[in-house]
file coords03.pdb (PDB, C-alpha atoms)
ATOM      1  CA  MET A   1     -11.089 -22.355 -32.319
ATOM      2  CA  ALA A   2     -11.035 -20.667 -28.910
ATOM      3  CA  LYS A   3      -9.142 -17.414 -28.809
ATOM      4  CA  THR A   4      -6.309 -17.285 -26.292
ATOM      5  CA  PRO A   5      -5.217 -14.176 -24.386
ATOM      6  CA  ARG A   6      -2.807 -12.000 -26.330
ATOM      7  CA  LEU A   7       0.880 -12.126 -25.500
ATOM      8  CA  ALA A   8       2.592  -8.859 -24.822
ATOM      9  CA  ALA A   9       5.757  -8.308 -26.805
ATOM     10  CA  GLY A  10       9.125  -8.978 -25.227
ATOM     11  CA  ARG A  11      11.111 -11.785 -23.688
ATOM     12  CA  ALA A  12       8.922 -11.916 -20.560
ATOM     13  CA  ARG A  13       6.020 -13.174 -22.691
ATOM     14  CA  ALA A  14       3.543 -11.572 -20.315
ATOM     15  CA  LEU A  15      -0.056 -12.624 -20.971
ATOM     16  CA  GLY A  16      -2.531  -9.856 -21.652
ATOM     17  CA  ALA A  17      -2.640  -6.292 -22.902
ATOM     18  CA  PRO A  18      -1.926  -2.989 -21.134
ATOM     19  CA  THR A  19      -4.863  -1.470 -19.254
ATOM     20  CA  ARG A  20      -5.982   2.125 -19.647
ATOM     21  CA  GLY A  21      -3.890   2.867 -16.576
ATOM     22  CA  THR A  22      -6.441   5.048 -14.790
ATOM     23  CA  THR A  23      -5.820   5.081 -11.057
ATOM     24  CA  ASN A  24      -6.435   7.314  -8.051
ATOM     25  CA  PRO A  25      -5.303   7.229  -4.433
ATOM     26  CA  ASN A  26      -7.737   5.299  -2.218
ATOM     27  CA  ARG A  27      -9.647   4.011  -5.243
ATOM     28  CA  LEU A  28      -9.473   0.385  -4.065
ATOM     29  CA  ARG A  29     -10.024   0.999  -0.350
ATOM     30  CA  ARG A  30     -13.271  -0.977  -0.264
ATOM     31  CA  VAL A  31     -11.830  -4.190  -1.684
ATOM     32  CA  ASP A  32      -8.652  -3.796   0.423
ATOM     33  CA  ARG A  33     -10.744  -3.468   3.570
ATOM     34  CA  TRP A  34     -12.701  -6.579   2.580
ATOM     35  CA  LEU A  35      -9.529  -8.578   1.813
ATOM     36  CA  ALA A  36      -8.196  -7.817   5.277
ATOM     37  CA  ALA A  37     -11.445  -8.892   6.966
ATOM     38  CA  TRP A  38     -13.096 -11.681   4.934
ATOM     39  CA  PRO A  39     -12.429 -15.054   6.618
ATOM     40  CA  ALA A  40     -11.233 -16.864   3.477
ATOM     41  CA  THR A  41      -8.771 -14.182   2.407
ATOM     42  CA  ARG A  42      -7.464 -13.713   5.954
ATOM     43  CA  SER A  43      -6.943 -17.464   6.196
ATOM     44  CA  ALA A  44      -5.041 -17.502   2.893
ATOM     45  CA  LEU A  45      -2.681 -14.849   4.252
ATOM     46  CA  LEU A  46      -2.259 -16.480   7.645
ATOM     47  CA  ALA A  47      -1.727 -19.993   6.259
ATOM     48  CA  GLU A  48       1.440 -19.122   4.342
ATOM     49  CA  GLN A  49       4.792 -19.009   6.097
ATOM     50  CA  VAL A  50       5.684 -15.894   4.088
ATOM     51  CA  PRO A  51       2.554 -14.834   2.175
ATOM     52  CA  LEU A  52       2.910 -13.312  -1.283
ATOM     53  CA  VAL A  53       0.155 -11.119  -2.735
ATOM     54  CA  VAL A  54       0.111 -10.038  -6.377
ATOM     55  CA  ASP A  55      -1.555  -6.824  -7.483
ATOM     56  CA  LEU A  56      -2.162  -7.332 -11.188
ATOM     57  CA  GLY A  57      -2.465  -4.323 -13.478
ATOM     58  CA  TYR A  58      -1.931  -1.504 -10.980
ATOM     59  CA  GLY A  59      -2.018   1.169 -13.680
ATOM     60  CA  ALA A  60      -0.154   4.366 -14.420
ATOM     61  CA  THR A  61       1.037   4.862 -10.840
ATOM     62  CA  PRO A  62       1.744   2.346  -8.053
ATOM     63  CA  VAL A  63      -0.308   4.131  -5.410
ATOM     64  CA  THR A  64      -2.993   1.454  -4.997
ATOM     65  CA  THR A  65      -0.349  -1.284  -4.698
ATOM     66  CA  VAL A  66       1.418   0.700  -1.979
ATOM     67  CA  GLU A  67      -1.924   1.134  -0.203
ATOM     68  CA  LEU A  68      -2.695  -2.593  -0.510
ATOM     69  CA  ALA A  69       0.613  -3.487   1.123
ATOM     70  CA  ALA A  70      -0.006  -1.094   4.008
ATOM     71  CA  ARG A  71      -3.538  -2.386   4.627
ATOM     72  CA  LEU A  72      -2.618  -6.071   4.520
ATOM     73  CA  ARG A  73       0.185  -5.542   7.022
ATOM     74  CA  ALA A  74      -2.543  -5.176   9.639
ATOM     75  CA  VAL A  75      -3.190  -8.889   9.034
ATOM     76  CA  ARG A  76       0.371 -10.035   8.305
ATOM     77  CA  PRO A  77       3.199  -7.559   9.009
ATOM     78  CA  ASP A  78       5.529  -9.729   6.906
ATOM     79  CA  VAL A  79       3.275  -9.918   3.824
ATOM     80  CA  ARG A  80       5.085  -9.465   0.518
ATOM     81  CA  VAL A  81       3.247  -7.550  -2.201
ATOM     82  CA  LEU A  82       4.270  -7.688  -5.857
ATOM     83  CA  GLY A  83       2.792  -5.231  -8.344
ATOM     84  CA  LEU A  84       2.646  -6.480 -11.947
ATOM     85  CA  GLU A  85       2.198  -4.432 -15.106
ATOM     86  CA  ILE A  86       2.704  -5.330 -18.759
ATOM     87  CA  ASP A  87       3.874  -1.835 -19.678
ATOM     88  CA  PRO A  88       7.613  -1.652 -18.846
ATOM     89  CA  GLU A  89       7.429   2.126 -18.506
ATOM     90  CA  ARG A  90       4.884   1.772 -15.713
ATOM     91  CA  VAL A  91       7.134  -0.740 -13.981
ATOM     92  CA  ALA A  92      10.088   1.634 -14.216
ATOM     93  CA  ALA A  93       7.980   4.492 -12.839
ATOM     94  CA  ALA A  94       6.884   2.334  -9.882
ATOM     95  CA  LEU A  95      10.344   1.144  -8.823
ATOM     96  CA  PRO A  96      11.127   4.237  -6.670
ATOM     97  CA  SER A  97       8.197   3.154  -4.457
ATOM     98  CA  ALA A  98       9.572  -0.375  -4.029
ATOM     99  CA  ASP A  99      10.767  -1.686  -0.682
ATOM    100  CA  PRO A 100      11.938  -5.229  -1.454
ATOM    101  CA  PRO A 101      11.246  -7.858  -0.376
ATOM    102  CA  LEU A 102       8.070  -6.474   1.241
ATOM    103  CA  LEU A 103       7.005  -4.418  -1.790
ATOM    104  CA  ASP A 104       8.280  -4.795  -5.328
ATOM    105  CA  PHE A 105       7.241  -4.268  -8.952
ATOM    106  CA  ARG A 106       7.805  -6.408 -12.023
ATOM    107  CA  ARG A 107       6.648  -6.832 -15.578
ATOM    108  CA  GLY A 108       3.951  -9.464 -15.908
ATOM    109  CA  GLY A 109       0.382 -10.331 -16.837
ATOM    110  CA  PHE A 110      -2.071 -13.171 -16.299
ATOM    111  CA  GLU A 111       0.811 -15.650 -15.984
ATOM    112  CA  LEU A 112       1.756 -13.723 -12.781
ATOM    113  CA  ALA A 113       5.404 -13.470 -13.860
ATOM    114  CA  GLY A 114       6.136 -16.943 -12.535
ATOM    115  CA  ALA A 115       5.071 -16.073  -8.972
ATOM    116  CA  ARG A 116       2.994 -18.464  -6.847
ATOM    117  CA  PRO A 117       0.954 -16.077  -4.695
ATOM    118  CA  ALA A 118      -1.462 -16.842  -1.892
ATOM    119  CA  LEU A 119      -3.687 -14.021  -3.090
ATOM    120  CA  VAL A 120      -4.143 -12.054  -6.314
ATOM    121  CA  ARG A 121      -6.021  -8.772  -6.640
ATOM    122  CA  ALA A 122      -6.921  -8.041 -10.288
ATOM    123  CA  PHE A 123      -9.035  -4.897 -10.465
ATOM    124  CA  ASN A 124     -10.213  -3.050 -13.561
ATOM    125  CA  VAL A 125      -8.160  -5.426 -15.713
ATOM    126  CA  LEU A 126     -10.704  -7.671 -17.444
ATOM    127  CA  ARG A 127     -13.067  -4.794 -18.118
ATOM    128  CA  GLN A 128     -11.317  -4.130 -21.443
ATOM    129  CA  TYR A 129     -11.580  -7.743 -22.663
ATOM    130  CA  PRO A 130     -14.448  -9.480 -24.471
ATOM    131  CA  GLU A 131     -16.785 -11.316 -22.110
ATOM    132  CA  GLU A 132     -15.809 -14.748 -23.416
ATOM    133  CA  GLU A 133     -12.192 -14.180 -22.382
ATOM    134  CA  SER A 134     -12.924 -13.564 -18.704
ATOM    135  CA  ALA A 135     -13.247 -17.249 -17.805
ATOM    136  CA  ARG A 136     -10.063 -18.113 -19.710
ATOM    137  CA  SER A 137      -8.172 -15.334 -17.946
ATOM    138  CA  TRP A 138      -9.481 -16.565 -14.602
ATOM    139  CA  ALA A 139      -8.226 -20.061 -15.431
ATOM    140  CA  VAL A 140      -4.738 -18.825 -16.322
ATOM    141  CA  MET A 141      -4.400 -16.930 -13.037
ATOM    142  CA  LEU A 142      -5.912 -19.681 -10.886
ATOM    143  CA  ALA A 143      -3.480 -22.225 -12.308
ATOM    144  CA  ARG A 144      -0.586 -20.150 -11.013
ATOM    145  CA  LEU A 145      -1.756 -19.660  -7.433
ATOM    146  CA  ALA A 146      -0.085 -21.321  -4.476
ATOM    147  CA  PRO A 147      -2.037 -24.296  -3.059
ATOM    148  CA  GLY A 148      -5.115 -22.894  -1.348
ATOM    149  CA  GLY A 149      -4.601 -19.527  -3.045
ATOM    150  CA  LEU A 150      -7.369 -17.089  -3.940
ATOM    151  CA  LEU A 151      -8.108 -14.607  -6.716
ATOM    152  CA  VAL A 152     -10.198 -11.470  -6.263
ATOM    153  CA  GLU A 153     -11.237 -10.000  -9.614
ATOM    154  CA  GLY A 154     -13.475  -7.000 -10.003
ATOM    155  CA  THR A 155     -14.082  -3.453 -11.081
ATOM    156  CA  CYS A 156     -14.873  -0.061  -9.599
ATOM    157  CA  ASP A 157     -15.510   3.523 -10.628
ATOM    158  CA  GLU A 158     -12.775   6.122 -10.785
ATOM    159  CA  ILE A 159     -13.033   7.148  -7.117
ATOM    160  CA  GLY A 160     -13.979   3.799  -5.625
ATOM    161  CA  ARG A 161     -17.543   4.564  -4.567
ATOM    162  CA  ARG A 162     -19.149   1.811  -6.666
ATOM    163  CA  CYS A 163     -17.461  -1.592  -6.802
ATOM    164  CA  SER A 164     -18.032  -5.281  -7.266
ATOM    165  CA  TRP A 165     -15.769  -8.299  -7.205
ATOM    166  CA  VAL A 166     -15.675 -12.070  -7.457
ATOM    167  CA  LEU A 167     -13.694 -14.302  -5.100
ATOM    168  CA  LEU A 168     -12.311 -17.459  -6.731
ATOM    169  CA  ASP A 169     -10.250 -20.480  -5.755
ATOM    170  CA  ALA A 170      -8.908 -23.349  -7.842
ATOM    171  CA  SER A 171     -12.435 -24.746  -8.220
ATOM    172  CA  GLY A 172     -13.795 -21.505  -9.697
ATOM    173  CA  PRO A 173     -15.919 -18.573  -8.512
ATOM    174  CA  LEU A 174     -17.077 -18.641  -4.887
ATOM    175  CA  THR A 175     -18.793 -15.333  -4.101
ATOM    176  CA  LEU A 176     -19.907 -11.999  -5.531
ATOM    177  CA  THR A 177     -19.602  -8.825  -3.474
ATOM    178  CA  LEU A 178     -21.303  -5.515  -4.192
ATOM    179  CA  ALA A 179     -19.798  -2.531  -2.366
ATOM    180  CA  CYS A 180     -20.672   1.136  -2.458
ATOM    181  CA  LYS A 181     -21.011   4.428  -0.699
ATOM    182  CA  PRO A 182     -24.808   4.343  -0.264
ATOM    183  CA  ALA A 183     -25.024   8.140  -0.445
ATOM    184  CA  ASP A 184     -23.683   7.882  -4.006
ATOM    185  CA  LEU A 185     -26.622   5.746  -5.190
ATOM    186  CA  ASP A 186     -30.081   6.650  -6.388
ATOM    187  CA  ARG A 187     -30.892   2.934  -6.401
ATOM    188  CA  PRO A 188     -28.781  -0.189  -5.749
ATOM    189  CA  SER A 189     -29.106  -1.191  -9.402
ATOM    190  CA  ASP A 190     -26.797   1.762 -10.178
ATOM    191  CA  LEU A 191     -24.058  -0.760  -9.343
ATOM    192  CA  ALA A 192     -24.868  -2.652 -12.559
ATOM    193  CA  GLU A 193     -22.413  -0.460 -14.468
ATOM    194  CA  ARG A 194     -19.579  -1.803 -12.280
ATOM    195  CA  LEU A 195     -20.370  -5.499 -12.342
ATOM    196  CA  PRO A 196     -17.399  -7.796 -13.110
ATOM    197  CA  LYS A 197     -16.862  -8.656 -16.758
ATOM    198  CA  ALA A 198     -18.372 -12.104 -16.278
ATOM    199  CA  LEU A 199     -21.692 -10.516 -15.244
ATOM    200  CA  ILE A 200     -21.922  -7.025 -16.707
ATOM    201  CA  HIS A 201     -23.556  -8.196 -19.941
ATOM    202  CA  ARG A 202     -25.878 -10.538 -18.025
ATOM    203  CA  ASN A 203     -27.949  -7.814 -16.394
ATOM    204  CA  VAL A 204     -30.969  -8.672 -18.527
ATOM    205  CA  PRO A 205     -34.295 -10.352 -17.720
ATOM    206  CA  GLY A 206     -33.897 -14.079 -17.198
ATOM    207  CA  GLU A 207     -30.427 -13.817 -15.638
ATOM    208  CA  ARG A 208     -29.852 -14.271 -11.908
ATOM    209  CA  VAL A 209     -27.804 -11.116 -11.461
ATOM    210  CA  HIS A 210     -30.653  -9.095 -12.991
ATOM    211  CA  ASP A 211     -33.032 -10.731 -10.516
ATOM    212  CA  LEU A 212     -30.670  -9.841  -7.653
ATOM    213  CA  LEU A 213     -30.477  -6.172  -8.573
ATOM    214  CA  ALA A 214     -34.238  -5.992  -9.064
ATOM    215  CA  ALA A 215     -34.777  -7.582  -5.654
ATOM    216  CA  LEU A 216     -32.302  -5.207  -4.029
ATOM    217  CA  ASP A 217     -34.055  -2.237  -5.630
ATOM    218  CA  ALA A 218     -37.390  -3.475  -4.284
ATOM    219  CA  CYS A 219     -35.907  -3.826  -0.794
ATOM    220  CA  TRP A 220     -34.417  -0.333  -1.120
ATOM    221  CA  ASP A 221     -37.895   1.019  -1.884
ATOM    222  CA  THR A 222     -39.360  -0.797   1.101
ATOM    223  CA  ALA A 223     -36.586   0.623   3.278
ATOM    224  CA  ALA A 224     -37.502   4.207   2.339
ATOM    225  CA  PRO A 225     -38.787   4.980   5.883
ATOM    226  CA  PHE A 226     -35.147   4.636   7.042
ATOM    227  CA  SER A 227     -34.067   7.541   4.796
ATOM    228  CA  PRO A 228     -34.244  10.150   7.615
ATOM    229  CA  PHE A 229     -31.473   8.173   9.346
ATOM    230  CA  GLY A 230     -29.248   8.455   6.267
ATOM    231  CA  PRO A 231     -28.395   6.386   3.179
ATOM    232  CA  ARG A 232     -26.283   3.923   5.157
ATOM    233  CA  ALA A 233     -29.183   3.038   7.456
ATOM    234  CA  ARG A 234     -31.412   2.584   4.419
ATOM    235  CA  TRP A 235     -28.808   0.303   2.779
ATOM    236  CA  VAL A 236     -28.528  -1.830   5.929
ATOM    237  CA  GLU A 237     -32.286  -2.258   6.099
ATOM    238  CA  ALA A 238     -32.496  -3.044   2.385
ATOM    239  CA  VAL A 239     -29.880  -5.799   2.708
ATOM    240  CA  ARG A 240     -31.598  -7.143   5.814
ATOM    241  CA  LEU A 241     -34.806  -7.432   3.819
ATOM    242  CA  LEU A 242     -32.922  -9.024   0.917
ATOM    243  CA  SER A 243     -31.477 -11.666   3.243
ATOM    244  CA  ALA A 244     -34.982 -13.010   3.887
ATOM    245  CA  SER A 245     -35.139 -14.391   0.341
ATOM    246  CA  TRP A 246     -31.523 -14.399  -0.920
ATOM    247  CA  PRO A 247     -28.548 -16.303   0.576
ATOM    248  CA  VAL A 248     -26.648 -13.276   1.922
ATOM    249  CA  LEU A 249     -23.366 -14.450   3.449
ATOM    250  CA  ASP A 250     -22.265 -11.469   5.504
ATOM    251  CA  THR A 251     -23.707  -9.624   8.510
ATOM    252  CA  ARG A 252     -24.792  -6.186   9.585
ATOM    253  CA  ARG A 253     -21.179  -5.296  10.348
ATOM    254  CA  ARG A 254     -20.338  -5.548   6.634
ATOM    255  CA  TRP A 255     -23.644  -4.057   5.503
ATOM    256  CA  ARG A 256     -22.864  -0.893   7.458
ATOM    257  CA  LEU A 257     -19.812  -0.528   5.224
ATOM    258  CA  GLY A 258     -22.019  -0.541   2.127
ATOM    259  CA  GLU A 259     -21.385  -4.188   1.246
ATOM    260  CA  VAL A 260     -23.306  -7.361   0.530
ATOM    261  CA  THR A 261     -21.789 -10.739  -0.396
ATOM    262  CA  LEU A 262     -23.643 -13.693  -1.908
ATOM    263  CA  PRO A 263     -22.667 -17.165  -3.161
ATOM    264  CA  TRP A 264     -21.640 -17.205  -6.807
ATOM    265  CA  GLU A 265     -24.222 -19.834  -7.673
ATOM    266  CA  SER A 266     -26.995 -17.365  -6.756
ATOM    267  CA  VAL A 267     -25.874 -14.976  -9.533
ATOM    268  CA  ALA A 268     -23.985 -17.215 -11.966
ATOM    269  CA  PRO A 269     -24.799 -16.669 -15.653
ATOM    270  CA  SER A 270     -27.252 -19.061 -17.221
ATOM    271  CA  ALA A 271     -25.854 -21.549 -19.716
TER     272      ALA A 271
END

call {"tool": "encode", "arguments": {"input": "coords03.pdb", "output": "structure tokens"}}
result
Amino acid sequence: MAKTPRLAAGRARALGAPTRGTTNPNRLRRVDRWLAAWPATRSALLAEQVPLVVDLGYGATPVTTVELAARLRAVRPDVRVLGLEIDPERVAAALPSADPPLLDFRRGGFELAGARPALVRAFNVLRQYPEEESARSWAVMLARLAPGGLLVEGTCDEIGRRCSWVLLDASGPLTLTLACKPADLDRPSDLAERLPKALIHRNVPGERVHDLLAALDACWDTAAPFSPFGPRARWVEAVRLLSASWPVLDTRRRWRLGEVTLPWESVAPSA
């Protein structure tokens, strides 16, 4: 019988389990910047009369939720951001930072506390779960989105220099994004340790994501003559080379930020 996500104790019946809680200011700047710029996520925010964004599992302090609200206001000044945590003590600690209705905090998990958001950011949440639960957790969150809503689920290191995330809608995963500070990498495959839960155990020969990282490493090697111009220039050239044989969706403007986005089907796990 399939295992269902654990219910946290209490009347709220929040779905999930508390995260480690690790957080740092500016840790999620790369995904926030992408959310504010990527056409699909911008459209989701602009389509709603009063857009609601949920930040799921913000951790021990609300700093990254506060930062998310500030960054998305560049797209929609009236955006409402709701931070959700299963741990009631974390919710209580976050409430002094609230500014309802534009920014608020509540107890909740994968069920999104009954909210119907246009956008959900769930970062460093599924990392603690078994791989087989990631798809079920996606399904629970997707079922609770507003019509046309989107989920961004991913992971990053403690200071936000190595990240990856999946964009999903009601139909399932749409894209995978790798994002980094190129100066922090020896090779692009260093990002393997921060792949989303659905992919992190698939970085083995025969899997598409393994092929992607191997191809990106090869392009990085070929781009070595760009090293005198700095790691960012080398990253841009490596992604340009990758785009000749992989369906890269973004442009040089995003590459210069240390990003590359591809369709999910190009990296999806094999059956």

call {"tool": "closest_residue", "arguments": {"input": "coords03.pdb", "among": "A:Asp211, A:Leu178, A:Arg136, A:Ala146", "to": "Pro117 (chain A)", "atoms": "all atoms listed in the file"}}
result
A:Ala146

call {"tool": "atom_distance", "arguments": {"input": "coords03.pdb", "atom1": "CA of Val166 (chain A)", "atom2": "CA of Leu103 (chain A)"}}
result
24.6 Å

call {"tool": "atom_distance", "arguments": {"input": "coords03.pdb", "atom1": "CA of Ser227 (chain A)", "atom2": "CA of Leu28 (chain A)"}}
result
27.1 Å

call {"tool": "atom_distance", "arguments": {"input": "coords03.pdb", "atom1": "CA of Val81 (chain A)", "atom2": "CA of Ala170 (chain A)"}}
result
20.7 Å

call {"tool": "closest_residue", "arguments": {"input": "coords03.pdb", "among": "A:Ala183, A:Ala223, A:Ala198, A:Ile86", "to": "Ser270 (chain A)", "atoms": "all atoms listed in the file"}}
result
A:Ala198

call {"tool": "residues_around", "arguments": {"input": "coords03.pdb", "residues": "Arg253 (chain A)", "least_positions_apart": "2", "cutoff": "12 Å", "atoms": "all atoms listed in the file", "output": "number ranges by chain"}}
result
A: 34, 37-38, 232-233, 236, 239-240, 249-251, 255-260

call {"tool": "write_last_selection", "arguments": {"input": "coords03.pdb", "atoms": "C-alpha atoms", "output": "PDB file, in the coordinates of the input"}}
result
ATOM      1  CA  TRP A  34     -12.701  -6.579   2.580  1.00  0.00           C
ATOM      2  CA  ALA A  37     -11.445  -8.892   6.966  1.00  0.00           C
ATOM      3  CA  TRP A  38     -13.096 -11.681   4.934  1.00  0.00           C
ATOM      4  CA  ARG A 232     -26.283   3.923   5.157  1.00  0.00           C
ATOM      5  CA  ALA A 233     -29.183   3.038   7.456  1.00  0.00           C
ATOM      6  CA  VAL A 236     -28.528  -1.830   5.929  1.00  0.00           C
ATOM      7  CA  VAL A 239     -29.880  -5.799   2.708  1.00  0.00           C
ATOM      8  CA  ARG A 240     -31.598  -7.143   5.814  1.00  0.00           C
ATOM      9  CA  LEU A 249     -23.366 -14.450   3.449  1.00  0.00           C
ATOM     10  CA  ASP A 250     -22.265 -11.469   5.504  1.00  0.00           C
ATOM     11  CA  THR A 251     -23.707  -9.624   8.510  1.00  0.00           C
ATOM     12  CA  TRP A 255     -23.644  -4.057   5.503  1.00  0.00           C
ATOM     13  CA  ARG A 256     -22.864  -0.893   7.458  1.00  0.00           C
ATOM     14  CA  LEU A 257     -19.812  -0.528   5.224  1.00  0.00           C
ATOM     15  CA  GLY A 258     -22.019  -0.541   2.127  1.00  0.00           C
ATOM     16  CA  GLU A 259     -21.385  -4.188   1.246  1.00  0.00           C
ATOM     17  CA  VAL A 260     -23.306  -7.361   0.530  1.00  0.00           C
TER      18      VAL A 260
END
